Amino acid sequence: MTMKRPAALCAAVVAVLLLAAGTAAAAIGITRKQQHQRHGASAARSCDAFAAGSWVADASYPLYDAARCPFIRDEFACGRFGRPDTAYLKYRWQPAPPCSLPRFDGVALLRMWSGKKVMFVGDSLALNQYESLLCMLHAAAPGARTTVSPASGRVDPTTTARFEDYNVTVVYYLTHYLVDLVTEKAGRVLKLDSIDQARNWLGADVLVFDSWHWWPRTGPTQPWDYIQVGDTVMKDMDRTLAFTKALHTWARWVDANLAQTNTKVFFQGISPSHYKGQEWGASAKKTCMGETQPLNGTAAYPGGPIPQQAVLRSVLAGMAKPVYLLDFTYLSQLRKDAHPTKYNGGIFGEDCTHWCVAGLPDTWNVLFYAALTGQI
């Protein structure tokens, strides 16, 4: 192997971003076409339940009582740790006409998944959605026998919940980057073109992936020492470029291993954080702390789209296997009020990255349900 810093890095980054920007419109169209074909929707894809809409107060929300859900970790358990306001629990996503969303039917979903394995693969934002879904299913069938393994709920690198009466298995698999992170003599190496861990994902009937949250990390919280591409090992490279290369590695694996299967594949849209108030029209020093109301209206989010979302769309559009993009980004950008903040058992400090459960991830799962059942 050769050790070097990346040459002509700026040019490469510009090329990646120009490619993503230049193909974003086409990527959206192609991806939406794939989604329509995959899920057999009868309505035209002119209805996009993700792209436009508003958060409306709904007295029937939340969809379950978080205090009765046995699956919520401390880091998401805002009510357990004394969050005093409850308005954030009472909002329902209303897509712009002519779109509408079905009511979540957990029993119907358990029956549809009978004998199947559903797997969430990614970082703690995938875990956020996973635990929300478990609570929604538990609320729908509160008398159903459930088992969790390991019993402690520890993720190493998986945790599994089984709804025994329905023969449904729901798994979370922890991977921050999707591609392999290995320890070698030189140190911890993030291998952008290696995905050996993916063998653990085979056999799932439904796969939901996510990535990006860990890619920008530097300093003590960065869990790798080197990046490797082919035989070249380097200390660092542009993180968007690295993310792009890793996504292409993941996409090749999906196409090689899942294209001829009935496995349904989804990818989470990039989940936003709320640490910079200027992104929603507040002062630069403002964070999500103390926020109790969502943004609303039909205007674009003041901070604009997350640039890496265009990269994700472009990669998905080039795949042989249809992958449904659960494009939660915009509707989540509006929810500056839905983070745990300090109500998380002290695990993450002032957390404006993750989301309270119950809360916003329940809407992600309503949309997931609608996609699974061909209603969006």
# chains A, B, ... in the order shown; residues from 1 in each chain; ligands from 1
$ residues_around --residues "A:Ala96" --least-positions-apart "2" --cutoff "8 Å" --atoms "only C-alpha atoms" --output "list of chain:residue names"
A:Ala49, A:Ala52, A:Gly53, A:Ser54, A:Gln94, A:Pro98, A:Cys99, A:Ser100
$ write_last_selection --atoms "N, CA, C and O atoms" --output "mmCIF file, in the first residue's frame"
data_model
loop_
_atom_site.group_PDB
_atom_site.id
_atom_site.type_symbol
_atom_site.label_atom_id
_atom_site.label_comp_id
_atom_site.auth_asym_id
_atom_site.auth_seq_id
_atom_site.Cartn_x
_atom_site.Cartn_y
_atom_site.Cartn_z
ATOM 1 N N ALA A 49 -45.369 13.087 -1.067
ATOM 2 C CA ALA A 49 -45.759 13.290 0.327
ATOM 3 C C ALA A 49 -44.644 13.878 1.174
ATOM 4 O O ALA A 49 -44.890 14.290 2.312
ATOM 5 N N ALA A 52 -43.584 18.701 0.108
ATOM 6 C CA ALA A 52 -44.345 19.892 0.482
ATOM 7 C C ALA A 52 -45.447 19.494 1.445
ATOM 8 O O ALA A 52 -46.023 18.408 1.341
ATOM 9 N N GLY A 53 -45.740 20.385 2.361
ATOM 10 C CA GLY A 53 -46.775 20.125 3.342
ATOM 11 C C GLY A 53 -46.562 20.992 4.561
ATOM 12 O O GLY A 53 -45.767 21.943 4.544
ATOM 13 N N SER A 54 -47.258 20.675 5.626
ATOM 14 C CA SER A 54 -47.117 21.454 6.851
ATOM 15 C C SER A 54 -47.428 20.567 8.049
ATOM 16 O O SER A 54 -48.061 19.503 7.936
ATOM 17 N N GLN A 94 -49.002 16.893 7.332
ATOM 18 C CA GLN A 94 -50.052 16.946 6.322
ATOM 19 C C GLN A 94 -49.429 17.317 4.983
ATOM 20 O O GLN A 94 -49.070 18.470 4.758
ATOM 21 N N PRO A 98 -52.452 17.042 -3.877
ATOM 22 C CA PRO A 98 -53.522 16.087 -3.570
ATOM 23 C C PRO A 98 -53.078 14.935 -2.685
ATOM 24 O O PRO A 98 -53.791 13.945 -2.569
ATOM 25 N N CYS A 99 -51.926 15.048 -2.040
ATOM 26 C CA CYS A 99 -51.413 13.937 -1.230
ATOM 27 C C CYS A 99 -52.191 13.795 0.072
ATOM 28 O O CYS A 99 -52.694 14.783 0.625
ATOM 29 N N SER A 100 -52.229 12.593 0.564
ATOM 30 C CA SER A 100 -52.735 12.313 1.901
ATOM 31 C C SER A 100 -52.004 11.088 2.429
ATOM 32 O O SER A 100 -51.442 10.316 1.651
#
$ residues_around --residues "stretch 189-206 of chain A" --least-positions-apart "5" --cutoff "8 Å" --atoms "only C-alpha atoms" --output "PyMOL selection string"
chain A and resi 116-119+178-184+224-230+242+245-246+249-250+253+262-266
$ closest_atom_pairs --of "stretch 65-103 of chain A" --to "stretch 125-142 of chain A" --cutoff "12 Å" --atoms "only C-alpha atoms" --output "tab-separated table"
residue	atom	partner	partner_atom	distance
A:Asp65	CA	A:Ala139	CA	8.0
A:Ala66	CA	A:Cys135	CA	7.5
A:Ala67	CA	A:Cys135	CA	10.1
A:Arg68	CA	A:Ala139	CA	8.3
A:Cys69	CA	A:Cys135	CA	5.5
A:Pro70	CA	A:Cys135	CA	7.6
A:Phe71	CA	A:Glu131	CA	6.2
A:Ile72	CA	A:Glu131	CA	6.1
A:Arg73	CA	A:Glu131	CA	8.1
A:Asp74	CA	A:Glu131	CA	11.4
A:Glu75	CA	A:Asn128	CA	9.4
A:Phe76	CA	A:Asn128	CA	7.4
A:Ala77	CA	A:Glu131	CA	10.5
A:Arg103	CA	A:Met136	CA	11.8
$ closest_atom_pairs --of "stretch 215-270 of chain A" --to "stretch 294-316 of chain A" --cutoff "9 Å" --atoms "only C-alpha atoms" --output "Markdown table"
| residue | atom | partner | partner_atom | distance |
| --- | --- | --- | --- | --- |
| A:Thr240 | CA | A:Gln308 | CA | 6.8 |
| A:Phe243 | CA | A:Gln308 | CA | 8.4 |
| A:Thr244 | CA | A:Val311 | CA | 6.6 |
| A:Leu247 | CA | A:Val315 | CA | 7.0 |
| A:His248 | CA | A:Val315 | CA | 6.6 |
| A:Ala251 | CA | A:Val315 | CA | 7.3 |
| A:Phe267 | CA | A:Leu316 | CA | 8.9 |
| A:Gly269 | CA | A:Gln309 | CA | 7.1 |
| A:Ile270 | CA | A:Gln309 | CA | 6.4 |
$ closest_residue --among "A:Gly79, A:Gly318, A:Pro272, A:Pro97" --to "A:Leu331" --atoms "only C-alpha atoms"
A:Pro272
$ select_by_dssp --residues "stretch 247-322 of chain A" --states "alpha helix (DSSP H)" --output "JSON, numbers by chain"
{"A": [247, 248, 249, 250, 251, 252, 253, 254, 255, 256, 257, 258, 308, 309, 310, 311, 312, 313, 314, 315, 316, 317]}
$ select_by_dssp --residues "stretch 100-192 of chain A" --states "strand (DSSP E)" --output "MDAnalysis selection string"
chainID A and resid 117:122 146:149 158:163 168:174 180:184 187:191
$ write_last_selection --atoms "N, CA, C and O atoms" --output "tab-separated table (two decimals), in the first residue's frame"
chain	number	residue	atom	x	y	z
A	117	LYS	N	-38.15	-10.88	8.30
A	117	LYS	CA	-37.16	-10.13	9.07
A	117	LYS	C	-37.03	-8.74	8.46
A	117	LYS	O	-36.81	-8.58	7.27
A	118	VAL	N	-37.13	-7.74	9.33
A	118	VAL	CA	-36.98	-6.33	8.94
A	118	VAL	C	-35.73	-5.82	9.63
A	118	VAL	O	-35.56	-6.01	10.84
A	119	MET	N	-34.85	-5.17	8.89
A	119	MET	CA	-33.57	-4.75	9.46
A	119	MET	C	-33.30	-3.28	9.16
A	119	MET	O	-33.38	-2.84	8.01
A	120	PHE	N	-32.98	-2.52	10.22
A	120	PHE	CA	-32.51	-1.15	10.09
A	120	PHE	C	-30.99	-1.17	10.21
A	120	PHE	O	-30.45	-1.75	11.17
A	121	VAL	N	-30.31	-0.56	9.27
A	121	VAL	CA	-28.85	-0.61	9.20
A	121	VAL	C	-28.31	0.82	9.14
A	121	VAL	O	-28.62	1.55	8.20
A	122	GLY	N	-27.52	1.20	10.12
A	122	GLY	CA	-26.96	2.55	10.08
A	122	GLY	C	-26.56	3.03	11.46
A	122	GLY	O	-26.27	2.25	12.37
A	146	THR	N	-43.38	-10.39	23.24
A	146	THR	CA	-42.18	-9.86	22.59
A	146	THR	C	-40.95	-10.33	23.35
A	146	THR	O	-40.98	-10.51	24.57
A	147	THR	N	-39.88	-10.54	22.59
A	147	THR	CA	-38.59	-10.84	23.20
A	147	THR	C	-37.53	-9.93	22.59
A	147	THR	O	-37.61	-9.60	21.40
A	148	VAL	N	-36.59	-9.54	23.40
A	148	VAL	CA	-35.49	-8.69	22.95
A	148	VAL	C	-34.19	-9.44	23.20
A	148	VAL	O	-33.99	-10.03	24.26
A	149	SER	N	-33.30	-9.44	22.20
A	149	SER	CA	-31.99	-10.07	22.39
A	149	SER	C	-30.89	-9.15	21.84
A	149	SER	O	-31.06	-8.58	20.76
A	158	THR	N	-25.69	-5.69	16.94
A	158	THR	CA	-27.12	-5.74	16.64
A	158	THR	C	-27.93	-5.81	17.93
A	158	THR	O	-27.43	-6.18	18.99
A	159	THR	N	-29.19	-5.44	17.80
A	159	THR	CA	-30.19	-5.74	18.80
A	159	THR	C	-31.44	-6.15	18.05
A	159	THR	O	-31.73	-5.64	16.97
A	160	THR	N	-32.17	-7.11	18.60
A	160	THR	CA	-33.30	-7.71	17.89
A	160	THR	C	-34.53	-7.75	18.78
A	160	THR	O	-34.43	-8.10	19.97
A	161	ALA	N	-35.66	-7.40	18.21
A	161	ALA	CA	-36.95	-7.55	18.88
A	161	ALA	C	-37.82	-8.48	18.05
A	161	ALA	O	-37.88	-8.33	16.82
A	162	ARG	N	-38.44	-9.44	18.71
A	162	ARG	CA	-39.34	-10.36	18.02
A	162	ARG	C	-40.76	-10.23	18.58
A	162	ARG	O	-40.95	-10.22	19.80
A	163	PHE	N	-41.72	-10.12	17.67
A	163	PHE	CA	-43.13	-10.17	18.03
A	163	PHE	C	-43.56	-11.61	17.79
A	163	PHE	O	-43.89	-12.01	16.67
A	168	VAL	N	-42.62	-12.09	13.66
A	168	VAL	CA	-41.97	-10.94	13.02
A	168	VAL	C	-40.71	-10.60	13.79
A	168	VAL	O	-40.73	-10.47	15.02
A	169	THR	N	-39.61	-10.45	13.07
A	169	THR	CA	-38.32	-10.11	13.66
A	169	THR	C	-37.89	-8.73	13.14
A	169	THR	O	-37.87	-8.50	11.94
A	170	VAL	N	-37.56	-7.83	14.06
A	170	VAL	CA	-37.11	-6.48	13.70
A	170	VAL	C	-35.73	-6.28	14.32
A	170	VAL	O	-35.56	-6.41	15.54
A	171	VAL	N	-34.75	-5.97	13.48
A	171	VAL	CA	-33.34	-5.94	13.89
A	171	VAL	C	-32.77	-4.54	13.63
A	171	VAL	O	-33.09	-3.90	12.62
A	172	TYR	N	-31.93	-4.10	14.54
A	172	TYR	CA	-31.09	-2.92	14.29
A	172	TYR	C	-29.64	-3.37	14.23
A	172	TYR	O	-29.16	-4.07	15.13
A	173	TYR	N	-28.94	-2.96	13.16
A	173	TYR	CA	-27.52	-3.28	12.97
A	173	TYR	C	-26.75	-1.96	12.94
A	173	TYR	O	-26.98	-1.10	12.08
A	174	LEU	N	-25.81	-1.80	13.87
A	174	LEU	CA	-25.04	-0.57	13.98
A	174	LEU	C	-23.88	-0.54	13.01
A	174	LEU	O	-23.00	-1.42	13.04
A	180	ASP	N	-16.59	-0.78	5.58
A	180	ASP	CA	-15.89	-1.41	6.70
A	180	ASP	C	-14.92	-0.47	7.41
A	180	ASP	O	-14.19	0.30	6.77
A	181	LEU	N	-14.91	-0.58	8.72
A	181	LEU	CA	-13.93	0.09	9.58
A	181	LEU	C	-13.18	-1.01	10.31
A	181	LEU	O	-13.77	-1.75	11.11
A	182	VAL	N	-11.89	-1.16	10.01
A	182	VAL	CA	-11.12	-2.28	10.56
A	182	VAL	C	-9.89	-1.75	11.30
A	182	VAL	O	-9.38	-0.67	10.99
A	183	THR	N	-9.43	-2.54	12.25
A	183	THR	CA	-8.23	-2.20	13.00
A	183	THR	C	-7.05	-2.98	12.45
A	183	THR	O	-7.09	-4.22	12.38
A	184	GLU	N	-6.02	-2.26	12.02
A	184	GLU	CA	-4.81	-2.87	11.49
A	184	GLU	C	-3.61	-2.38	12.30
A	184	GLU	O	-3.77	-1.57	13.23
A	187	GLY	N	-3.34	1.30	12.56
A	187	GLY	CA	-4.41	1.99	13.27
A	187	GLY	C	-5.77	1.59	12.71
A	187	GLY	O	-5.92	0.58	12.03
A	188	ARG	N	-6.77	2.42	12.98
A	188	ARG	CA	-8.13	2.16	12.54
A	188	ARG	C	-8.30	2.72	11.13
A	188	ARG	O	-8.06	3.90	10.89
A	189	VAL	N	-8.72	1.85	10.21
A	189	VAL	CA	-8.76	2.22	8.79
A	189	VAL	C	-10.20	2.12	8.29
A	189	VAL	O	-10.84	1.08	8.39
A	190	LEU	N	-10.69	3.22	7.73
A	190	LEU	CA	-12.00	3.27	7.09
A	190	LEU	C	-11.80	2.94	5.61
A	190	LEU	O	-11.18	3.71	4.88
A	191	LYS	N	-12.31	1.79	5.18
A	191	LYS	CA	-12.06	1.29	3.83
A	191	LYS	C	-13.26	1.58	2.94
A	191	LYS	O	-14.29	0.90	3.04
$ residues_around --residues "stretch 277-292 of chain A" --least-positions-apart "6" --cutoff "8 Å" --atoms "only C-alpha atoms" --output "short mmCIF file (atom, residue, chain, number, x, y, z; two decimals) with N, CA, C and O atoms, in the first residue's frame"
data_model
loop_
_atom_site.label_atom_id
_atom_site.label_comp_id
_atom_site.auth_asym_id
_atom_site.auth_seq_id
_atom_site.Cartn_x
_atom_site.Cartn_y
_atom_site.Cartn_z
N ASP A 85 -42.91 20.34 28.30
CA ASP A 85 -43.88 20.69 27.27
C ASP A 85 -44.29 19.42 26.52
O ASP A 85 -43.53 18.45 26.42
N ALA A 87 -46.47 19.87 23.44
CA ALA A 87 -47.00 20.24 22.13
C ALA A 87 -46.26 19.53 21.00
O ALA A 87 -46.86 19.21 19.97
N TYR A 88 -44.96 19.26 21.19
CA TYR A 88 -44.18 18.60 20.14
C TYR A 88 -44.71 17.22 19.80
O TYR A 88 -44.44 16.68 18.72
N TYR A 301 -37.11 25.82 3.40
CA TYR A 301 -36.39 25.96 4.66
C TYR A 301 -35.29 27.00 4.49
O TYR A 301 -34.51 26.94 3.53
N PRO A 302 -35.20 27.98 5.40
CA PRO A 302 -34.23 29.06 5.21
C PRO A 302 -32.79 28.59 5.02
O PRO A 302 -32.02 29.19 4.28
N GLY A 303 -32.42 27.50 5.71
CA GLY A 303 -31.05 26.99 5.60
C GLY A 303 -30.78 26.23 4.32
O GLY A 303 -29.63 25.86 4.05
N GLY A 304 -31.83 25.97 3.54
CA GLY A 304 -31.66 25.26 2.28
C GLY A 304 -31.51 23.77 2.47
O GLY A 304 -31.47 23.26 3.60
N LYS A 336 -37.54 21.90 14.63
CA LYS A 336 -36.53 22.33 15.58
C LYS A 336 -36.95 22.08 17.03
O LYS A 336 -36.14 22.11 17.96
N ASP A 337 -38.23 21.79 17.23
CA ASP A 337 -38.80 21.59 18.56
C ASP A 337 -38.76 20.14 19.02
O ASP A 337 -39.12 19.85 20.17
N ALA A 338 -38.35 19.21 18.18
CA ALA A 338 -38.58 17.78 18.44
C ALA A 338 -37.35 17.02 18.93
O ALA A 338 -37.39 15.80 19.02
N HIS A 339 -36.27 17.72 19.26
CA HIS A 339 -35.05 17.06 19.74
C HIS A 339 -35.09 16.83 21.25
O HIS A 339 -35.80 17.54 21.98
N THR A 341 -32.90 17.65 23.42
CA THR A 341 -32.19 18.72 24.12
C THR A 341 -31.52 18.14 25.37
O THR A 341 -30.71 17.25 25.26
N LYS A 342 -31.89 18.61 26.55
CA LYS A 342 -31.23 18.11 27.78
C LYS A 342 -32.00 16.97 28.44
O LYS A 342 -31.56 16.44 29.47
N GLU A 350 -26.49 18.52 25.38
CA GLU A 350 -27.54 19.27 24.69
C GLU A 350 -27.69 18.71 23.28
O GLU A 350 -26.91 19.04 22.38
N CYS A 352 -29.28 18.24 19.85
CA CYS A 352 -30.11 18.78 18.77
C CYS A 352 -29.94 17.96 17.51
O CYS A 352 -30.15 18.45 16.39
#
$ closest_residue --among "A:Arg252, A:His274, A:Lys235, A:Arg335" --to "A:Asp351" --atoms "only C-alpha atoms"
A:His274
$ atom_distance --atom1 "atom CA of A:Asp210" --atom2 "atom CA of A:Arg111"
25.7 Å
$ closest_residue --among "A:Ala59, A:Met319, A:Cys78, A:Leu241" --to "A:Asn344" --atoms "only C-alpha atoms"
A:Cys78
$ closest_residue --among "A:Thr86, A:Pro220, A:Leu372, A:Cys47" --to "A:Pro62" --atoms "only C-alpha atoms"
A:Thr86
$ closest_residue --among "A:Asp255, A:Ala51, A:Ala108, A:Leu63" --to "A:Lys321" --atoms "only C-alpha atoms"
A:Asp255
$ atom_distance --atom1 "atom CA of A:Asp165" --atom2 "atom CA of A:Asp105"
16.6 Å
$ atom_distance --atom1 "atom CA of A:Thr373" --atom2 "atom CA of A:Gln260"
20.9 Å
